[in-house]
Amino acid sequence: MNNNKKRKATSVHRNPMTKKKFNNNYQISIEILSNEIFLNIFDYLEAFEIHHAFSNLNDRFHQLLHCPALRLKIKLTYGSAGEIFAKNHKSLLFSYQNQICSGYFHGTCDKKTQHSPKRLKLSGLVRIEDLIINHSCTFQECATIISHLPKIGSLFLTKLIENKPNERILPIKSSTLTRLILDEYDIPFNELEIFLQNIDAKLHVLSLDLESNDFNYLHDQRYENLILNYFPQLKKFYLKYRLFREYDEDYDFILYSIEPYEKQRYADYGQQLQLDLLPTDEFWEFFIMDNNHASDIAQIKHLIISEKNLFIGLLLDLMDLIPELLSLKLHSIALDRSKRSLNQNQVDLLCSSEDSIRIAKVYLEKMNVIEEIFFLLTLCPHMTYLKIDDINNINVEVFFRLILSKNQFEDNKSRRSICIHRIRGADDKMISELNKMINVEKLLINYNIQLLLYTKVSTDYDLYGIKIGINDHFMICCDNILLLWWIEFIPHTNHSSCTLSYNLTTCDFIYSITVPVTNNISFVYNCIDHQGNNVIGHISGNDMCGFILINEKIVSNYSTQDNFVIDIDGQGTGVYGFADDFIFFYELYPTYQLVVWSNNLDLSPRAIDIGTNQEYAVIVGYCQSTPTSANECGYLIQLNTSLSSPSITHQFHITDSLKYPWSDPRSIHYIPQSRLYTEQFVLSVSLAWHIQRVLIGIPALNTVLLYSLNNTQIPLCIRQNGIGFMGYGKSVTWLGSNGSKAAVLANIYTYSTYQWISSSVHLYDIESDDFSDSTQPIFVYPNSQQILQLLTDPCMIRITSSPTGHLGVFDRLGNALGMLSVPAGTYSDTNRTAYITSPVPCTRGTNRDYAGIELCYPYSSSSDNCSQNMFCPYGAVGEVSYSAFESIEQDHEYPESPENVVFDDILMQNMFMFDITSTHCLLVSPITWVLSVMTISFIVAIIVIISEAFCSHQHTIRDGIKGIFKKMDLIGEGELWIGGLTSAAIIVLIISAYSFSNSYLHQYPIEQVTRNSSFACDVTLRNAKFSTSTQKRWDSRHTTKESQSMFDLLNAQPFTLNIDLVQTAFTCDDFFYVQRLHGNKVISLSITKCEMNYNDTILSLAILLPVHEINVQLILPGLKTIGAIRVGLSGPSAEADNGRFQLVELKFASTFLSSSLNQVLAESIIFPIELTQVINQTDPLNTHESPTFSGIWSSSFSVNSDELFTNESRYTFFYRTQTNISIIIEQSIFYISNLQQPIARQTEIIFRSLLFTTVVLEVFALLFLILKLLIIPLFRTITNRICRKPQTHESIQPEKVVVIVMKDNKSTSFVKEKPFRRWSTIIEIKDTKY
């Protein structure tokens, strides 16, 4: 965000005229503010407050709340707005999970508690990096919290408590956790030690703060072993141990606290004992006993007593208990106390101090009388360092006269030297007067007193200046410990490294080095020699490590300077130096000469850059605005070589451009003295002369400003790195001479204590992306592919660059790394022991079409290298069809029972089914064949009738046909030939019924039916009915159920987890691993099979699982992306009891694919798989047989695909450290029981078929009876009435007489008898000739 805009916006309410102007306009719309201003406002608010206030305003704010640049903080405290947030956390965490970067929780870790991190589902907060939990947590709960935070970097836990009884301490594994702070806990040391030993993390900071009665906390050897064996990367270790004693109900006190130094000083300096409150005389003996016990255990070498006016007798008692003291810090002391004096033991100790007391450093905060100093000098005869903050308004000259005069009368004066460090108000004039007094009065014999305006700390590479330089030919850095320059030539070879000793020069401590941009192998240094002189020198060499000192000069007449910076001009002809008191020009060509001027810039310099020109430079530092305060300032100065002192042309108005709200700690940013050098207040600057742009870094404000040389009043852009920390902009440089890209050293220190947390180099494409709070870097070093160089420290303090874009990085241990600008298609490899990187080809799926130090970035989804209908997401490594990774479905759905499960209905329905729209149905339908037979019968009947009418004399064939049909008559029992024709159709129908019944019987079970039912219109017709139920699993050890064998097969089926990573650059040659989380154990699992498929676009992994219910994690380190994933299980089939129990082969997989091609698999994802046992029971067709069983696992994924993927781009991919894929397989407590039974068994089918036959015959007989008794008589009556034919014969009652006419050649006879009728009587009367 442009802070200038912010300043104007905030000044509206302070300017009465402006306010009046706005009042005249009646109202101000909040929407006139830019998004950058709102993002800056949101930095001060909690996530719930932002959501509650802005989420429902309009579309603009809705989009702004989901902007990736918005980093949210959640704070959940009982009774606050966070409590409401907790109640609604599900929707909010889902909406903002990728934006929440820090959290504060106050409550309890209990699962039932509303504010519990477990209830809040921390596994969804994949971006959270800093977490503070201000409530009690057990070891196990702490391990659970960390396991759900894949990006956790800093964890602050208060009130850590022991696990519950019989609850083991779980291991903690985190690749990102670097800072662990445990505060306000009281647990046994042994338990804490086990807890720390179970932490698998690269901790850099470990802080323990406790109150306990366990003296084991004082065993420094145990801490040393713990650090060396379990935390080798640890840089800072803090222990504050307070022994609590309650001697009665009314009085308790904290006895002391012990705080070790930093790890690198731990072995040298021992532990520190701090006494904040001393007991009364009544409890003094108990106090001494506790201290005696503590001193026997701990190696206490530093004593701090905060009590005011400490009686010297008590001090002597304590020193008698701790004989190994090396340093002593006191607030103030009292030489006497009413009604109390020194006892004999105390007097003896004071008299024997020469042999018994080894204290070398004494720090007294406040002196009451001068005799107190005499006492300390007597008590500490080996004192080499005395520091006094307040000498109680005693004149410094009088103070020294009394000290030195007193000591002239003591013995052994030669063994004592006193150094007074930074007395208030000290300056050169005071030193001159003190020297004059000492010389005149001859007070000083073997004492040495000097005013140190700079502090030489050879191990502090962050102290003064820039100790690294690089151009296109070589890189150089200095080592003030070994007194060497380390030189690396570019490009690197096995013989391209060499060293150069300080012995070549007069230097004792190097401030800075600078190398020419013209790429010749030479460098210029400024240093302090052994006499405290300011020295400038020039060394030249060649690529064969041949270096010589060309020239060296002393800046005369000036004392040692803290702030002393140099830089070489663009042509390499001269060096300009700026210090607090002087400015110089050191000419290198054509002749060596040094011109020095007094510093009249009113600026204490911190950084300078000339760039590629010779005429101008930009210098930044601090200007004293008032006698008691200073502020940041900068100037564009004109360089006049040796003609005259550089002059100011323009001023950079830095302070006016930086305004902060009152809630921002930077609003009280205060610098008392401009010349006071501290690491916190370093500044950095870099000039890009080609584009007339200047970068100014102010790490104390976490801010970098971008200026144009054409307007130094207002910065073009301002970029801040948040509040609460400092360090952003500790060093800045333009990468290359064209000025299109800039590198910023983005360190993170705590704001209050300046403790280092992390370091990284951010690279910005300013030409394309601008430079503001919302601008994202295009590259960050280190990253998971360009890891920290193997020999360098993670804390980086300076960066610099060469004309072609090589980047030099300098760490706090004095190691330098040269990251070379490599050609297109390659990237700089830092995973090596050499201090100069080398190019390696881009990994698959990535490319870079220009030279640079950046990583090759993945192909975008819009690249032209993908054919249509192919899956090519962000980071694609080739072409792959969607069909190559489709889901594998294993059908677990059991069929539903048909609507009709009664065989009678099924038989009747299928016998009389007739569908003219289906050819198959017409062919298999019985009605079709019945109608066909009836049609043929009808034709035959017509022929017979026609034959009788027209061919009555040819009756032999006709009578034979009738006879045949009469024999077929099932209805008239052989009496009617027409009944035979009808019976033929009946026979066809009955045969069809028997054929259908037989075929239907064999349509069971459905597993054995492999083809469609060809005997019925419904091809899916089966002799099976189904039922499904869900039942709870039982204890297999106490059951007699027939299906138990099927459960045993299911439980014994081995599972193989199959994972297909689609469109990924990971290969089988990469390092990745699988682990099982089982209780408090982490168990490694082997990968059974690994192969690349489909043109190496799919990585297929198979992992044999030891158990069914399991939590498996696949860890893939690195920043390679994954476009899609397919997860599934497989298992072989099995059988038991001669095939009666059949275990179905398990093979299913689900594909998860984002709807957007710009999304890839998130860094941490979880696939919960629930398995349910499915038991299929098939009852036998014959009742004397046993049922059969089959079993299979049914699966379900409880995954939201939208949560599995994240947007990735050129600006984000390098943040990825690893991909963590978790598969949690759980088994349902229920199982599904499917039962298959036949609708009709054989006996039922036979009976129903016979019944159907009887019914058909009865139905047709009934039809004939109706025909005979009703239809035919009615027809005849109607016919007779119409024709009215006269009756020529006597009517004979058919029921009384039957006339049989028999005709032969001899005679005709008449027989009269009573008729016998059963179904009907056919009367045939003919006139016969007798």
# chains A, B, ... in the order shown; residues from 1 in each chain; ligands from 1
call {"tool": "residues_around", "arguments": {"residues": "A:Thr792", "least_positions_apart": "4", "cutoff": "7 Å", "atoms": "only C-alpha atoms", "output": "PyMOL selection string"}}
result
chain A and resi 788+811+815
call {"tool": "residues_around", "arguments": {"residues": "stretch 584-591 of chain A", "least_positions_apart": "5", "cutoff": "6 Å", "atoms": "only C-alpha atoms", "output": "list in words"}}
result
Thr573, Gly574, Val575, Tyr576, Gly577, Val596 and Trp597 of chain A
call {"tool": "select_by_dssp", "arguments": {"residues": "stretch 184-237 of chain A", "states": "strand (DSSP E or B)", "output": "list in words"}}
result
Glu184, Tyr185, Ile199, Asp200, Val205, Leu206, Ser207, Leu208, Asp209, Leu210, Glu211, Ser212, Lys236 and Phe237 of chain A
call {"tool": "residues_around", "arguments": {"residues": "A:Arg606", "least_positions_apart": "3", "cutoff": "6 Å", "atoms": "only C-alpha atoms", "output": "MDAnalysis selection string"}}
result
chainID A and resid 620:621 683
call {"tool": "residues_around", "arguments": {"residues": "A:Val369", "least_positions_apart": "2", "cutoff": "9 Å", "atoms": "only C-alpha atoms", "output": "PyMOL selection string"}}
result
chain A and resi 367+371-373+391-392
call {"tool": "residues_around", "arguments": {"residues": "stretch 816-819 of chain A", "least_positions_apart": "5", "cutoff": "8 Å", "atoms": "only C-alpha atoms", "output": "list in words"}}
result
Ile468, Ile470, Met475, Ile476, Cys477, Gln789, Thr792, His806, Leu807, Gly808, Val809, Phe810, Asp811, Ser828, Thr830, Tyr835, Ile836, Thr837 and Ile853 of chain A
call {"tool": "write_last_selection", "arguments": {"atoms": "C-alpha atoms", "output": "CSV table (one decimal), in the first residue's frame"}}
result
chain,number,residue,atom,x,y,z
A,468,ILE,CA,30.4,-9.3,1.3
A,470,ILE,CA,30.3,-9.8,-5.7
A,475,MET,CA,32.8,-13.2,-4.7
A,476,ILE,CA,34.5,-12.2,-1.5
A,477,CYS,CA,33.6,-12.0,2.2
A,789,GLN,CA,23.1,-24.2,1.2
A,792,THR,CA,25.3,-21.7,5.6
A,806,HIS,CA,24.3,-12.8,-9.5
A,807,LEU,CA,23.2,-12.6,-5.9
A,808,GLY,CA,25.5,-12.7,-2.9
A,809,VAL,CA,24.0,-13.8,0.4
A,810,PHE,CA,25.9,-13.3,3.7
A,811,ASP,CA,24.8,-15.1,7.0
A,828,SER,CA,20.7,-22.4,-9.6
A,830,THR,CA,22.0,-24.7,-3.8
A,835,TYR,CA,29.6,-21.6,-1.9
A,836,ILE,CA,28.9,-20.9,-5.6
A,837,THR,CA,25.8,-22.4,-7.2
A,853,ILE,CA,18.5,-16.8,-10.2
call {"tool": "atom_distance", "arguments": {"atom1": "atom CA of A:Cys623", "atom2": "atom CA of A:Ala743"}}
result
26.5 Å
call {"tool": "residues_around", "arguments": {"residues": "A:Pro672", "least_positions_apart": "4", "cutoff": "9 Å", "atoms": "only C-alpha atoms", "output": "tab-separated table (two decimals) with C-alpha atoms, in the first residue's frame"}}
result
chain	number	residue	atom	x	y	z
A	624	GLN	CA	19.48	14.34	14.89
A	626	THR	CA	16.33	17.27	18.52
A	627	PRO	CA	18.99	16.82	21.21
A	628	THR	CA	17.15	13.73	22.43
A	629	SER	CA	15.73	12.18	19.26
A	630	ALA	CA	16.76	11.27	15.73
A	631	ASN	CA	14.96	10.01	12.68
A	676	LEU	CA	24.27	5.19	18.43
call {"tool": "closest_residue", "arguments": {"among": "A:Leu1057, A:Cys498, A:Val1074, A:Leu203", "to": "A:Glu1109", "atoms": "only C-alpha atoms"}}
result
A:Leu1057
call {"tool": "select_by_dssp", "arguments": {"residues": "stretch 142-234 of chain A", "states": "alpha helix (DSSP H)", "output": "PyMOL selection string"}}
result
chain A and resi 142-147+189-197+220-230
call {"tool": "write_last_selection", "arguments": {"atoms": "C-alpha atoms", "output": "mmCIF file, in the first residue's frame"}}
result
data_model
loop_
_atom_site.group_PDB
_atom_site.id
_atom_site.type_symbol
_atom_site.label_atom_id
_atom_site.label_comp_id
_atom_site.auth_asym_id
_atom_site.auth_seq_id
_atom_site.Cartn_x
_atom_site.Cartn_y
_atom_site.Cartn_z
ATOM 1 C CA CYS A 142 -0.178 -30.647 22.130
ATOM 2 C CA ALA A 143 0.951 -33.403 19.747
ATOM 3 C CA THR A 144 -2.505 -33.562 18.193
ATOM 4 C CA ILE A 145 -2.596 -29.819 17.616
ATOM 5 C CA ILE A 146 0.775 -29.768 15.876
ATOM 6 C CA SER A 147 -0.117 -32.763 13.686
ATOM 7 C CA PHE A 189 11.564 -32.613 34.623
ATOM 8 C CA ASN A 190 11.683 -36.273 33.592
ATOM 9 C CA GLU A 191 8.267 -35.973 31.947
ATOM 10 C CA LEU A 192 9.268 -32.794 30.158
ATOM 11 C CA GLU A 193 12.480 -34.422 28.962
ATOM 12 C CA ILE A 194 10.557 -37.337 27.422
ATOM 13 C CA PHE A 195 8.158 -34.895 25.805
ATOM 14 C CA LEU A 196 10.995 -32.906 24.217
ATOM 15 C CA GLN A 197 12.755 -36.073 23.069
ATOM 16 C CA ASP A 220 22.807 -28.239 32.784
ATOM 17 C CA GLN A 221 24.445 -31.413 31.477
ATOM 18 C CA ARG A 222 21.044 -32.895 30.754
ATOM 19 C CA TYR A 223 20.114 -29.815 28.740
ATOM 20 C CA GLU A 224 23.336 -30.016 26.797
ATOM 21 C CA ASN A 225 22.748 -33.678 25.964
ATOM 22 C CA LEU A 226 19.157 -32.921 24.991
ATOM 23 C CA ILE A 227 20.191 -30.138 22.636
ATOM 24 C CA LEU A 228 23.089 -31.981 21.029
ATOM 25 C CA ASN A 229 21.181 -35.231 20.494
ATOM 26 C CA TYR A 230 17.694 -34.013 19.613
#
call {"tool": "residues_around", "arguments": {"residues": "A:Ser1086", "least_positions_apart": "2", "cutoff": "9 Å", "atoms": "only C-alpha atoms", "output": "count of residues only"}}
result
8
call {"tool": "closest_residue", "arguments": {"among": "A:Val944, A:His650, A:Met913, A:Asp320", "to": "A:Gly960", "atoms": "only C-alpha atoms"}}
result
A:Val944
call {"tool": "decode", "arguments": {"residues": "stretch 324-337 of chain A", "atoms": "N, CA, C and O atoms", "output": "PDB file, in the first residue's frame"}}
result
ATOM      1  N   GLU A 324      32.068 -20.298  42.020  1.00  0.00           N
ATOM      2  CA  GLU A 324      32.497 -20.285  40.622  1.00  0.00           C
ATOM      3  C   GLU A 324      31.974 -19.092  39.846  1.00  0.00           C
ATOM      4  O   GLU A 324      32.016 -19.093  38.610  1.00  0.00           O
ATOM      5  N   LEU A 325      31.502 -18.075  40.536  1.00  0.00           N
ATOM      6  CA  LEU A 325      30.935 -16.917  39.843  1.00  0.00           C
ATOM      7  C   LEU A 325      31.984 -16.219  38.986  1.00  0.00           C
ATOM      8  O   LEU A 325      33.130 -16.026  39.401  1.00  0.00           O
ATOM      9  N   LEU A 326      31.542 -15.804  37.777  1.00  0.00           N
ATOM     10  CA  LEU A 326      32.399 -15.037  36.879  1.00  0.00           C
ATOM     11  C   LEU A 326      31.904 -13.606  36.708  1.00  0.00           C
ATOM     12  O   LEU A 326      32.670 -12.728  36.341  1.00  0.00           O
ATOM     13  N   SER A 327      30.622 -13.396  36.914  1.00  0.00           N
ATOM     14  CA  SER A 327      30.080 -12.051  36.746  1.00  0.00           C
ATOM     15  C   SER A 327      29.041 -11.789  37.818  1.00  0.00           C
ATOM     16  O   SER A 327      28.408 -12.713  38.345  1.00  0.00           O
ATOM     17  N   LEU A 328      28.856 -10.507  38.128  1.00  0.00           N
ATOM     18  CA  LEU A 328      27.952 -10.087  39.186  1.00  0.00           C
ATOM     19  C   LEU A 328      27.226  -8.832  38.738  1.00  0.00           C
ATOM     20  O   LEU A 328      27.845  -7.862  38.298  1.00  0.00           O
ATOM     21  N   LYS A 329      25.884  -8.882  38.819  1.00  0.00           N
ATOM     22  CA  LYS A 329      25.077  -7.714  38.478  1.00  0.00           C
ATOM     23  C   LYS A 329      24.194  -7.374  39.676  1.00  0.00           C
ATOM     24  O   LYS A 329      23.447  -8.218  40.160  1.00  0.00           O
ATOM     25  N   LEU A 330      24.306  -6.125  40.132  1.00  0.00           N
ATOM     26  CA  LEU A 330      23.570  -5.671  41.301  1.00  0.00           C
ATOM     27  C   LEU A 330      22.810  -4.398  40.967  1.00  0.00           C
ATOM     28  O   LEU A 330      23.262  -3.596  40.148  1.00  0.00           O
ATOM     29  N   HIS A 331      21.649  -4.258  41.603  1.00  0.00           N
ATOM     30  CA  HIS A 331      20.946  -2.987  41.421  1.00  0.00           C
ATOM     31  C   HIS A 331      21.629  -1.905  42.260  1.00  0.00           C
ATOM     32  O   HIS A 331      22.041  -0.857  41.763  1.00  0.00           O
ATOM     33  N   SER A 332      21.748  -2.154  43.547  1.00  0.00           N
ATOM     34  CA  SER A 332      22.444  -1.235  44.462  1.00  0.00           C
ATOM     35  C   SER A 332      22.759  -2.010  45.739  1.00  0.00           C
ATOM     36  O   SER A 332      22.117  -3.023  46.047  1.00  0.00           O
ATOM     37  N   ILE A 333      23.737  -1.523  46.484  1.00  0.00           N
ATOM     38  CA  ILE A 333      24.162  -2.207  47.699  1.00  0.00           C
ATOM     39  C   ILE A 333      24.166  -1.230  48.870  1.00  0.00           C
ATOM     40  O   ILE A 333      24.163   0.002  48.683  1.00  0.00           O
ATOM     41  N   ALA A 334      24.162  -1.812  50.075  1.00  0.00           N
ATOM     42  CA  ALA A 334      24.238  -1.012  51.312  1.00  0.00           C
ATOM     43  C   ALA A 334      25.386  -1.558  52.142  1.00  0.00           C
ATOM     44  O   ALA A 334      25.474  -2.764  52.383  1.00  0.00           O
ATOM     45  N   LEU A 335      26.273  -0.660  52.580  1.00  0.00           N
ATOM     46  CA  LEU A 335      27.445  -1.086  53.329  1.00  0.00           C
ATOM     47  C   LEU A 335      27.106  -1.438  54.769  1.00  0.00           C
ATOM     48  O   LEU A 335      27.861  -2.176  55.418  1.00  0.00           O
ATOM     49  N   ASP A 336      26.009  -0.939  55.281  1.00  0.00           N
ATOM     50  CA  ASP A 336      25.630  -1.283  56.642  1.00  0.00           C
ATOM     51  C   ASP A 336      24.121  -1.381  56.718  1.00  0.00           C
ATOM     52  O   ASP A 336      23.394  -0.919  55.845  1.00  0.00           O
ATOM     53  N   ARG A 337      23.667  -2.033  57.782  1.00  0.00           N
ATOM     54  CA  ARG A 337      22.242  -2.157  58.030  1.00  0.00           C
ATOM     55  C   ARG A 337      22.020  -1.999  59.525  1.00  0.00           C
ATOM     56  O   ARG A 337      22.817  -2.497  60.328  1.00  0.00           O
TER      57      ARG A 337
END
